[in-house]
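This report concerns only the one structure given below.
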Amino acid sequence: MIGRDTRALDKLPRLTALVRNGTLRLAVTGLSRSGKTAFITSLVQNLLSSVGGPGRLPFLRAAAERRVLSAQPLAPEADEVPPFPLKETVAALAADPPHWPASTTDVRRVRLLLRFASASVLRRARLLGGTADLTVEILDYPGEWLLDLPLLQQSYGDWSRATLALARRRVRAPLARDWLDFVARHPADRAGDPQRALQAHQLYRDFLAACREREQLSLLQPGRFLNPGQIADLAVLQFCPMPLAIGARAPPGSLATLMEARFEAYKRTIVQPFFAQLARNVDRQIVLVDVLRALNAGEEAFADQRLALDTILATFRFGRRSLLRRLFGARIDRVLFAATKADHVPALQRDHLEALMANLVGAATLRAKTARARVAATALASIRCTEDGTDVIDGRKVDIVAGLPEGGERRIRFFPGIVPVTPPPIGFWGERFTEFPVFQPPRITGAEGDGIPHINLDKALDFLLEDALA
Ligand SMILES: Nc1nc2c(ncn2[C@@H]2O[C@H](COP(=O)(O)OP(=O)(O)OP(=O)(O)O)[C@@H](O)[C@H]2O)c(=O)[nH]1
Ligand SMILES: [Mg+2]
């Protein structure tokens, strides 16, 4: 649950820092298709709509108190990250029929300047005219790339062993067969040439693509193999895991040596600069998780999403010793874990979803709290496509959601089943969770000041920004 912090003393040092440089960096962390672009679009559009009144954000305290005086997206700074395509994402929702913004293929940044009236008399007296400025800065990026973060801590040998072990297990094993056969025919310590490395890489990439498409798995590394973005020299991608015994060193000129050199170059020239951009001086973090999709896809996909999330969150150790802090100066003091697309389930199930979300990140929550960060879990829909209702099924009244499926002609009334509050036990998976439709987003006018319907976005923003807008 998102609660309010009344321990004002805790907030003082942070506030000073925020007011001094006037910029709050919000990290939006989420795997591929988790809903990052939808979240950023709705956040910006709804903050623009909250100028002078609550707009669509009645639970964001500064908006409810009519203290947001102006909001405007800032032009990109020269030679910086290209701007987030707000016009395009809003235009997609304003089209007839409205459609979802495209999947993200590169890093984009949005900077939103908010001018607000200070809430406290004390601060009002200190600040000229009682107003202050806050720039909220957010990066959007392809979700696949997030899974490269753990690589920064791993050697080629360690990563290879872990990835091979995973590839030989359960649903991955049949999909990995061609690649594993190739690797068996070309031992790591034999002479390596670029052509062979390329073949092995392609087979490994096909395996990753099959894991995603056929089994809806999430832990697919390296992230750029499925979504390369702009890479000048593609040779840096042409590697894959190879079996290497612990402590063994591949002989010079061998296939494994070539692969290892590329793995290290990939980390140095691609992964490291990306995370330097992504995590530099981050203050707040929201972790978006499409829990419903994973539930829907079944036991393997659910377990795999959990593993991917744990792998990422283990590197976000928060506090002083965190990798992000050491490498990039992140000093995250608030983290919100959010189950996205909560408009697929009716109100009561959203409470279940929130509880399930909190359960899934129990260990990370404990770590973050130990590091004195504030942590909460929620269920939200950045762009609400449905309405709640009730139906009678087999003589019993049940809660449903109603909405127009994408490309459909008529609205459907959809009974999503019961969301479990804890990760489902083995028996649960006997039957698949109900298949979720992709709903068409609501049509908006796109005019400034016209917000986007959502669920709990304002509560999420209040948790993340409230002290900075006080
Ligand atoms: N019903 C509903 N669907 C949503 C919502 N947010 C996202 N979706 C669906 O999820 C899809 C992916 O959302 P995006 O925001 O593009 O996800 P992303 O994390 O940016 O994905 P990548 O850019 O590929 O990493 C959308 O195309 C929608 O179909 C929501 O609030 N409600
Ligand atoms: Mg995106």
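Note on naming: chains are A, B, ... as they come in the structure tokens, residues start from 1 per chain, ligands start from 1 in the order shown.
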- Tell me, as a PyMOL selection string, which residues lie within 9 Å of stretch 361-364 of chain A, counting only C-alpha atoms; anything in the same chain fewer than 2 positions away does not count. chain A and resi 306+309-310+313-314+316-317+337+356-359+366-369+377
Take the residues from that selection and put them in a file with C-alpha atoms, as a compact mmCIF listing (two decimals), in the first residue's frame.
```txt
# COMPACT_ATOMS: atom_id res chain seq x y z
CA ARG A 306 10.45 -13.82 -11.38
CA LEU A 309 13.24 -9.62 -11.88
CA ASP A 310 15.34 -11.07 -9.06
CA LEU A 313 16.89 -6.31 -8.49
CA ALA A 314 19.92 -8.08 -7.01
CA PHE A 316 19.88 -2.70 -7.54
CA ARG A 317 21.10 -3.26 -4.02
CA PHE A 337 6.99 -1.73 -7.34
CA LEU A 356 0.92 -10.46 -5.25
CA MET A 357 3.26 -7.73 -6.48
CA ALA A 358 4.44 -7.05 -2.92
CA ASN A 359 5.00 -10.76 -2.39
CA LEU A 366 13.72 -5.89 2.70
CA ARG A 367 17.09 -4.95 1.19
CA ALA A 368 15.85 -1.52 0.17
CA LYS A 369 14.37 -0.87 3.60
CA ALA A 377 3.93 -1.88 -3.95
```
- Task: Within 8 Å of ligand 1, which residues show up when you count only C-alpha atoms and all ligand atoms? List them as a VMD selection string, please.
- Result: chain A and resid 30 to 40 100 to 105 140 to 144 288 340 to 344 380 to 386 438 to 441 454 to 455
- Could you work out how far atom CA of A:Ala338 lies from atom CA of A:Ala379, giving the answer in Å with one decimal? 5.3 Å
- Query: Hey, what's within 10 Å of stretch 387-404 of chain A if we count only C-alpha atoms and toss same-chain stuff fewer than 2 positions away? As a ChimeraX atom specification, please?
  - Reply: /A:343-349,384-385,406-418,437-442
- May I have all residues of stretch 154-393 of chain A that DSSP, computed from the backbone, assigns to helix (DSSP H, G or I), given as a PyMOL selection string? chain A and resi 156-167+172-175+177-185+194-215+223-225+234-237+255-279+291-297+299-315+323-328+342-344+347-360+362-370
Create the file for the chosen residues now, containing C-alpha atoms and written as a short mmCIF file (atom, residue, chain, number, x, y, z; two decimals), in the first residue's frame.
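For reference, out.cif as written:
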```cif
data_model
loop_
_atom_site.label_atom_id
_atom_site.label_comp_id
_atom_site.auth_asym_id
_atom_site.auth_seq_id
_atom_site.Cartn_x
_atom_site.Cartn_y
_atom_site.Cartn_z
CA TYR A 156 32.52 -14.46 -19.45
CA GLY A 157 33.11 -17.87 -17.84
CA ASP A 158 30.57 -17.30 -15.06
CA TRP A 159 27.95 -15.96 -17.42
CA SER A 160 28.51 -18.83 -19.87
CA ARG A 161 28.16 -21.49 -17.19
CA ALA A 162 24.97 -19.95 -15.76
CA THR A 163 23.40 -19.46 -19.20
CA LEU A 164 24.27 -22.96 -20.40
CA ALA A 165 22.87 -24.52 -17.23
CA LEU A 166 19.62 -22.61 -17.71
CA ALA A 167 19.46 -23.54 -21.41
CA ARG A 172 14.44 -24.11 -22.81
CA ALA A 173 16.15 -27.42 -23.55
CA PRO A 174 14.30 -28.37 -26.77
CA LEU A 175 14.59 -24.80 -28.07
CA ARG A 177 19.08 -28.03 -29.25
CA ASP A 178 20.51 -26.65 -32.53
CA TRP A 179 22.71 -24.15 -30.76
CA LEU A 180 23.94 -26.68 -28.18
CA ASP A 181 24.71 -29.21 -30.93
CA PHE A 182 26.79 -26.60 -32.73
CA VAL A 183 28.66 -25.72 -29.56
CA ALA A 184 29.34 -29.42 -28.92
CA ARG A 185 30.78 -29.80 -32.43
CA PRO A 194 34.90 -15.00 -36.91
CA GLN A 195 32.73 -17.04 -39.27
CA ARG A 196 32.26 -19.80 -36.72
CA ALA A 197 31.59 -17.26 -33.98
CA LEU A 198 28.94 -15.67 -36.16
CA GLN A 199 27.21 -19.02 -36.80
CA ALA A 200 27.19 -19.86 -33.10
CA HIS A 201 25.87 -16.40 -32.30
CA GLN A 202 23.04 -16.70 -34.82
CA LEU A 203 21.95 -20.06 -33.44
CA TYR A 204 22.02 -18.67 -29.91
CA ARG A 205 20.00 -15.65 -30.96
CA ASP A 206 17.42 -17.89 -32.65
CA PHE A 207 17.18 -19.78 -29.38
CA LEU A 208 16.53 -16.55 -27.44
CA ALA A 209 13.89 -15.47 -29.94
CA ALA A 210 12.14 -18.85 -29.66
CA CYS A 211 12.18 -18.61 -25.84
CA ARG A 212 10.44 -15.30 -26.10
CA GLU A 213 7.96 -16.09 -28.83
CA ARG A 214 7.00 -19.66 -27.97
CA GLU A 215 7.29 -19.68 -24.20
CA GLY A 223 19.45 -7.78 -24.25
CA ARG A 224 20.80 -6.37 -27.49
CA PHE A 225 20.63 -9.75 -29.23
CA LEU A 234 27.84 -5.37 -35.22
CA ALA A 235 30.84 -7.69 -34.71
CA VAL A 236 30.73 -6.75 -31.04
CA LEU A 237 27.48 -8.73 -30.79
CA LEU A 255 36.90 -19.82 -30.19
CA ALA A 256 36.28 -19.11 -26.50
CA THR A 257 39.00 -16.43 -26.44
CA LEU A 258 37.39 -14.69 -29.40
CA MET A 259 33.96 -14.89 -27.75
CA GLU A 260 35.31 -13.66 -24.43
CA ALA A 261 37.00 -10.66 -26.06
CA ARG A 262 33.69 -9.72 -27.69
CA PHE A 263 31.72 -10.24 -24.48
CA GLU A 264 34.10 -7.88 -22.68
CA ALA A 265 33.98 -5.35 -25.53
CA TYR A 266 30.16 -5.53 -25.46
CA LYS A 267 30.12 -4.74 -21.77
CA ARG A 268 32.67 -1.94 -22.11
CA THR A 269 31.37 -0.18 -25.20
CA ILE A 270 27.62 -0.83 -24.97
CA VAL A 271 26.38 -1.97 -21.58
CA GLN A 272 28.45 0.33 -19.40
CA PRO A 273 27.67 3.57 -21.34
CA PHE A 274 23.95 2.67 -21.45
CA PHE A 275 23.69 2.21 -17.70
CA ALA A 276 25.81 5.29 -17.10
CA GLN A 277 23.07 7.19 -18.93
CA LEU A 278 20.21 5.29 -17.35
CA ALA A 279 21.26 5.26 -13.75
CA VAL A 291 2.43 -9.69 -13.51
CA LEU A 292 -0.86 -10.52 -15.24
CA ARG A 293 0.79 -11.42 -18.53
CA ALA A 294 3.17 -13.81 -16.78
CA LEU A 295 0.30 -15.39 -14.81
CA ASN A 296 -1.56 -15.75 -18.04
CA ALA A 297 1.37 -17.36 -19.87
CA GLU A 299 4.07 -21.62 -14.75
CA GLU A 300 7.33 -21.47 -16.74
CA ALA A 301 6.82 -17.89 -17.91
CA PHE A 302 5.83 -16.81 -14.42
CA ALA A 303 8.88 -18.45 -12.80
CA ASP A 304 11.13 -17.01 -15.49
CA GLN A 305 9.79 -13.48 -15.08
CA ARG A 306 10.45 -13.82 -11.38
CA LEU A 307 14.00 -14.98 -12.02
CA ALA A 308 14.61 -12.08 -14.42
CA LEU A 309 13.24 -9.62 -11.88
CA ASP A 310 15.34 -11.07 -9.06
CA THR A 311 18.42 -10.96 -11.27
CA ILE A 312 17.90 -7.28 -12.00
CA LEU A 313 16.89 -6.31 -8.49
CA ALA A 314 19.92 -8.08 -7.01
CA THR A 315 22.06 -5.53 -8.83
CA LEU A 323 26.53 -1.43 -7.86
CA LEU A 324 24.51 1.45 -9.28
CA ARG A 325 25.78 3.81 -6.68
CA ARG A 326 29.39 2.76 -7.07
CA LEU A 327 29.29 2.93 -10.84
CA PHE A 328 26.82 5.68 -11.54
CA ALA A 342 -4.38 -3.49 -13.73
CA ASP A 343 -7.41 -2.44 -15.79
CA HIS A 344 -7.58 -6.08 -16.97
CA ALA A 347 -11.35 -3.49 -8.31
CA LEU A 348 -11.18 -6.30 -5.77
CA GLN A 349 -8.73 -8.24 -7.93
CA ARG A 350 -6.53 -5.15 -8.13
CA ASP A 351 -6.03 -5.44 -4.38
CA HIS A 352 -5.02 -9.05 -4.92
CA LEU A 353 -2.66 -7.96 -7.67
CA GLU A 354 -1.06 -5.40 -5.38
CA ALA A 355 -0.56 -8.07 -2.69
CA LEU A 356 0.92 -10.46 -5.25
CA MET A 357 3.26 -7.73 -6.48
CA ALA A 358 4.44 -7.05 -2.92
CA ASN A 359 5.00 -10.76 -2.39
CA LEU A 360 7.07 -11.15 -5.53
CA GLY A 362 9.70 -9.34 -0.74
CA ALA A 363 13.47 -9.86 -0.68
CA ALA A 364 14.25 -6.70 -2.65
CA THR A 365 11.90 -4.73 -0.40
CA LEU A 366 13.72 -5.89 2.70
CA ARG A 367 17.09 -4.95 1.19
CA ALA A 368 15.85 -1.52 0.17
CA LYS A 369 14.37 -0.87 3.60
CA THR A 370 17.60 -1.94 5.29
#
```
- Name the residues of stretch 119-287 of chain A that fall into strand (DSSP E) according to DSSP on the backbone, using the chain letters and numbers of this document, as a ChimeraX atom specification. /A:131-140,284-287
With all heavy atoms retained, write the just-selected residues as an mmCIF file, in the first residue's frame.
```
data_model
loop_
_atom_site.group_PDB
_atom_site.id
_atom_site.type_symbol
_atom_site.label_atom_id
_atom_site.label_comp_id
_atom_site.auth_asym_id
_atom_site.auth_seq_id
_atom_site.Cartn_x
_atom_site.Cartn_y
_atom_site.Cartn_z
ATOM 1 N N THR A 131 7.131 30.253 -4.884
ATOM 2 C CA THR A 131 7.060 29.222 -5.924
ATOM 3 C C THR A 131 8.430 28.569 -6.104
ATOM 4 O O THR A 131 9.451 29.142 -5.733
ATOM 5 C CB THR A 131 6.627 29.805 -7.285
ATOM 6 O OG1 THR A 131 7.633 30.700 -7.727
ATOM 7 C CG2 THR A 131 5.299 30.507 -7.178
ATOM 8 N N ALA A 132 8.420 27.401 -6.643
ATOM 9 C CA ALA A 132 9.677 26.689 -6.912
ATOM 10 C C ALA A 132 9.532 25.926 -8.215
ATOM 11 O O ALA A 132 8.413 25.672 -8.680
ATOM 12 C CB ALA A 132 9.992 25.743 -5.761
ATOM 13 N N ASP A 133 10.681 25.560 -8.805
ATOM 14 C CA ASP A 133 10.684 24.787 -10.037
ATOM 15 C C ASP A 133 11.234 23.396 -9.761
ATOM 16 O O ASP A 133 12.162 23.242 -8.975
ATOM 17 C CB ASP A 133 11.586 25.448 -11.094
ATOM 18 C CG ASP A 133 10.948 26.705 -11.654
ATOM 19 O OD1 ASP A 133 9.733 26.896 -11.418
ATOM 20 O OD2 ASP A 133 11.660 27.489 -12.301
ATOM 21 N N LEU A 134 10.661 22.442 -10.421
ATOM 22 C CA LEU A 134 11.200 21.086 -10.350
ATOM 23 C C LEU A 134 11.232 20.515 -11.755
ATOM 24 O O LEU A 134 10.224 20.555 -12.465
ATOM 25 C CB LEU A 134 10.316 20.199 -9.456
ATOM 26 C CG LEU A 134 10.796 18.750 -9.351
ATOM 27 C CD1 LEU A 134 12.030 18.642 -8.455
ATOM 28 C CD2 LEU A 134 9.693 17.838 -8.816
ATOM 29 N N THR A 135 12.402 20.023 -12.161
ATOM 30 C CA THR A 135 12.464 19.317 -13.447
ATOM 31 C C THR A 135 12.456 17.821 -13.172
ATOM 32 O O THR A 135 13.297 17.329 -12.427
ATOM 33 C CB THR A 135 13.751 19.704 -14.212
ATOM 34 O OG1 THR A 135 13.766 21.115 -14.375
ATOM 35 C CG2 THR A 135 13.789 19.038 -15.575
ATOM 36 N N VAL A 136 11.482 17.147 -13.743
ATOM 37 C CA VAL A 136 11.416 15.696 -13.608
ATOM 38 C C VAL A 136 12.003 15.100 -14.887
ATOM 39 O O VAL A 136 11.567 15.443 -15.992
ATOM 40 C CB VAL A 136 9.965 15.205 -13.417
ATOM 41 C CG1 VAL A 136 9.922 13.686 -13.290
ATOM 42 C CG2 VAL A 136 9.346 15.860 -12.195
ATOM 43 N N GLU A 137 13.011 14.276 -14.710
ATOM 44 C CA GLU A 137 13.712 13.725 -15.875
ATOM 45 C C GLU A 137 13.548 12.206 -15.903
ATOM 46 O O GLU A 137 13.768 11.546 -14.905
ATOM 47 C CB GLU A 137 15.188 14.098 -15.733
ATOM 48 C CG GLU A 137 15.996 13.840 -16.954
ATOM 49 C CD GLU A 137 17.444 14.264 -16.748
ATOM 50 O OE1 GLU A 137 17.706 15.472 -16.560
ATOM 51 O OE2 GLU A 137 18.307 13.385 -16.771
ATOM 52 N N ILE A 138 13.129 11.680 -17.050
ATOM 53 C CA ILE A 138 12.892 10.234 -17.164
ATOM 54 C C ILE A 138 13.464 9.721 -18.482
ATOM 55 O O ILE A 138 13.321 10.377 -19.516
ATOM 56 C CB ILE A 138 11.378 9.914 -17.161
ATOM 57 C CG1 ILE A 138 10.677 10.590 -15.988
ATOM 58 C CG2 ILE A 138 11.140 8.409 -17.117
ATOM 59 C CD1 ILE A 138 9.170 10.465 -16.053
ATOM 60 N N LEU A 139 14.071 8.543 -18.441
ATOM 61 C CA LEU A 139 14.541 7.923 -19.677
ATOM 62 C C LEU A 139 13.632 6.757 -20.049
ATOM 63 O O LEU A 139 13.173 6.019 -19.184
ATOM 64 C CB LEU A 139 15.953 7.360 -19.505
ATOM 65 C CG LEU A 139 17.120 8.325 -19.394
ATOM 66 C CD1 LEU A 139 18.428 7.556 -19.415
ATOM 67 C CD2 LEU A 139 17.110 9.354 -20.509
ATOM 68 N N ASP A 140 13.394 6.620 -21.336
ATOM 69 C CA ASP A 140 12.668 5.453 -21.848
ATOM 70 C C ASP A 140 13.666 4.660 -22.701
ATOM 71 O O ASP A 140 14.564 5.242 -23.309
ATOM 72 C CB ASP A 140 11.481 5.903 -22.713
ATOM 73 C CG ASP A 140 10.506 4.756 -22.973
ATOM 74 O OD1 ASP A 140 10.546 3.756 -22.235
ATOM 75 O OD2 ASP A 140 9.694 4.876 -23.912
ATOM 76 N N ARG A 284 14.788 8.429 -7.673
ATOM 77 C CA ARG A 284 13.594 7.629 -7.385
ATOM 78 C C ARG A 284 13.490 6.533 -8.432
ATOM 79 O O ARG A 284 13.963 6.707 -9.558
ATOM 80 C CB ARG A 284 12.340 8.519 -7.456
ATOM 81 C CG ARG A 284 12.399 9.706 -6.505
ATOM 82 C CD ARG A 284 12.066 9.297 -5.092
ATOM 83 N NE ARG A 284 12.714 10.122 -4.094
ATOM 84 C CZ ARG A 284 12.228 11.223 -3.542
ATOM 85 N NH1 ARG A 284 11.041 11.655 -3.917
ATOM 86 N NH2 ARG A 284 12.901 11.876 -2.631
ATOM 87 N N GLN A 285 12.809 5.458 -8.061
ATOM 88 C CA GLN A 285 12.681 4.373 -9.021
ATOM 89 C C GLN A 285 11.285 3.779 -8.981
ATOM 90 O O GLN A 285 10.722 3.555 -7.905
ATOM 91 C CB GLN A 285 13.696 3.281 -8.682
ATOM 92 C CG GLN A 285 13.693 2.131 -9.669
ATOM 93 C CD GLN A 285 14.718 1.058 -9.318
ATOM 94 O OE1 GLN A 285 15.066 0.891 -8.157
ATOM 95 N NE2 GLN A 285 15.182 0.338 -10.298
ATOM 96 N N ILE A 286 10.727 3.543 -10.146
ATOM 97 C CA ILE A 286 9.493 2.746 -10.217
ATOM 98 C C ILE A 286 9.814 1.498 -11.043
ATOM 99 O O ILE A 286 10.412 1.584 -12.114
ATOM 100 C CB ILE A 286 8.296 3.537 -10.788
ATOM 101 C CG1 ILE A 286 7.042 2.646 -10.797
ATOM 102 C CG2 ILE A 286 8.569 4.104 -12.169
ATOM 103 C CD1 ILE A 286 5.740 3.410 -10.974
ATOM 104 N N VAL A 287 9.483 0.353 -10.496
ATOM 105 C CA VAL A 287 9.733 -0.908 -11.189
ATOM 106 C C VAL A 287 8.391 -1.412 -11.706
ATOM 107 O O VAL A 287 7.480 -1.692 -10.922
ATOM 108 C CB VAL A 287 10.365 -1.947 -10.234
ATOM 109 C CG1 VAL A 287 10.648 -3.248 -10.978
ATOM 110 C CG2 VAL A 287 11.645 -1.391 -9.607
#
```
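Here atom CA of A:Pro187 is placed at a distance of 20.9 Å from atom CA of A:Arg169.
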- Task: Find the distance between atom CA of A:Val171 and atom CA of A:Asp290 and write it in Å to one decimal.
- Result: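 These atoms are spaced 20.9 Å apart.
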- Task: Go through A:Leu217, A:Ala92, A:Val107, A:Leu149 one by one, measure the shortest atom-to-atom distance of each to ligand 2 using only C-alpha atoms and all ligand atoms, and give the residue with the smallest value.
- Result: A:Val107
- Query: Counting only C-alpha atoms, which of A:Arg170, A:Gly253, A:Gln153, A:Asp193 gets nearest to A:Gln238?
  - Reply: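 Among the listed residues, A:Asp193 lies closest to A:Gln238.
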- Message: Using only C-alpha atoms and all ligand atoms, can you tell me which of A:Leu112, A:Leu86, A:Ala64, A:Ala188 comes closest to ligand 2?
- Response: A:Leu86
- Task: Would you please work out which residue, of A:Arg56, A:His99, A:Arg25, A:Arg280, is nearest to A:Gly451 when using only C-alpha atoms?
- Result: A:Arg56
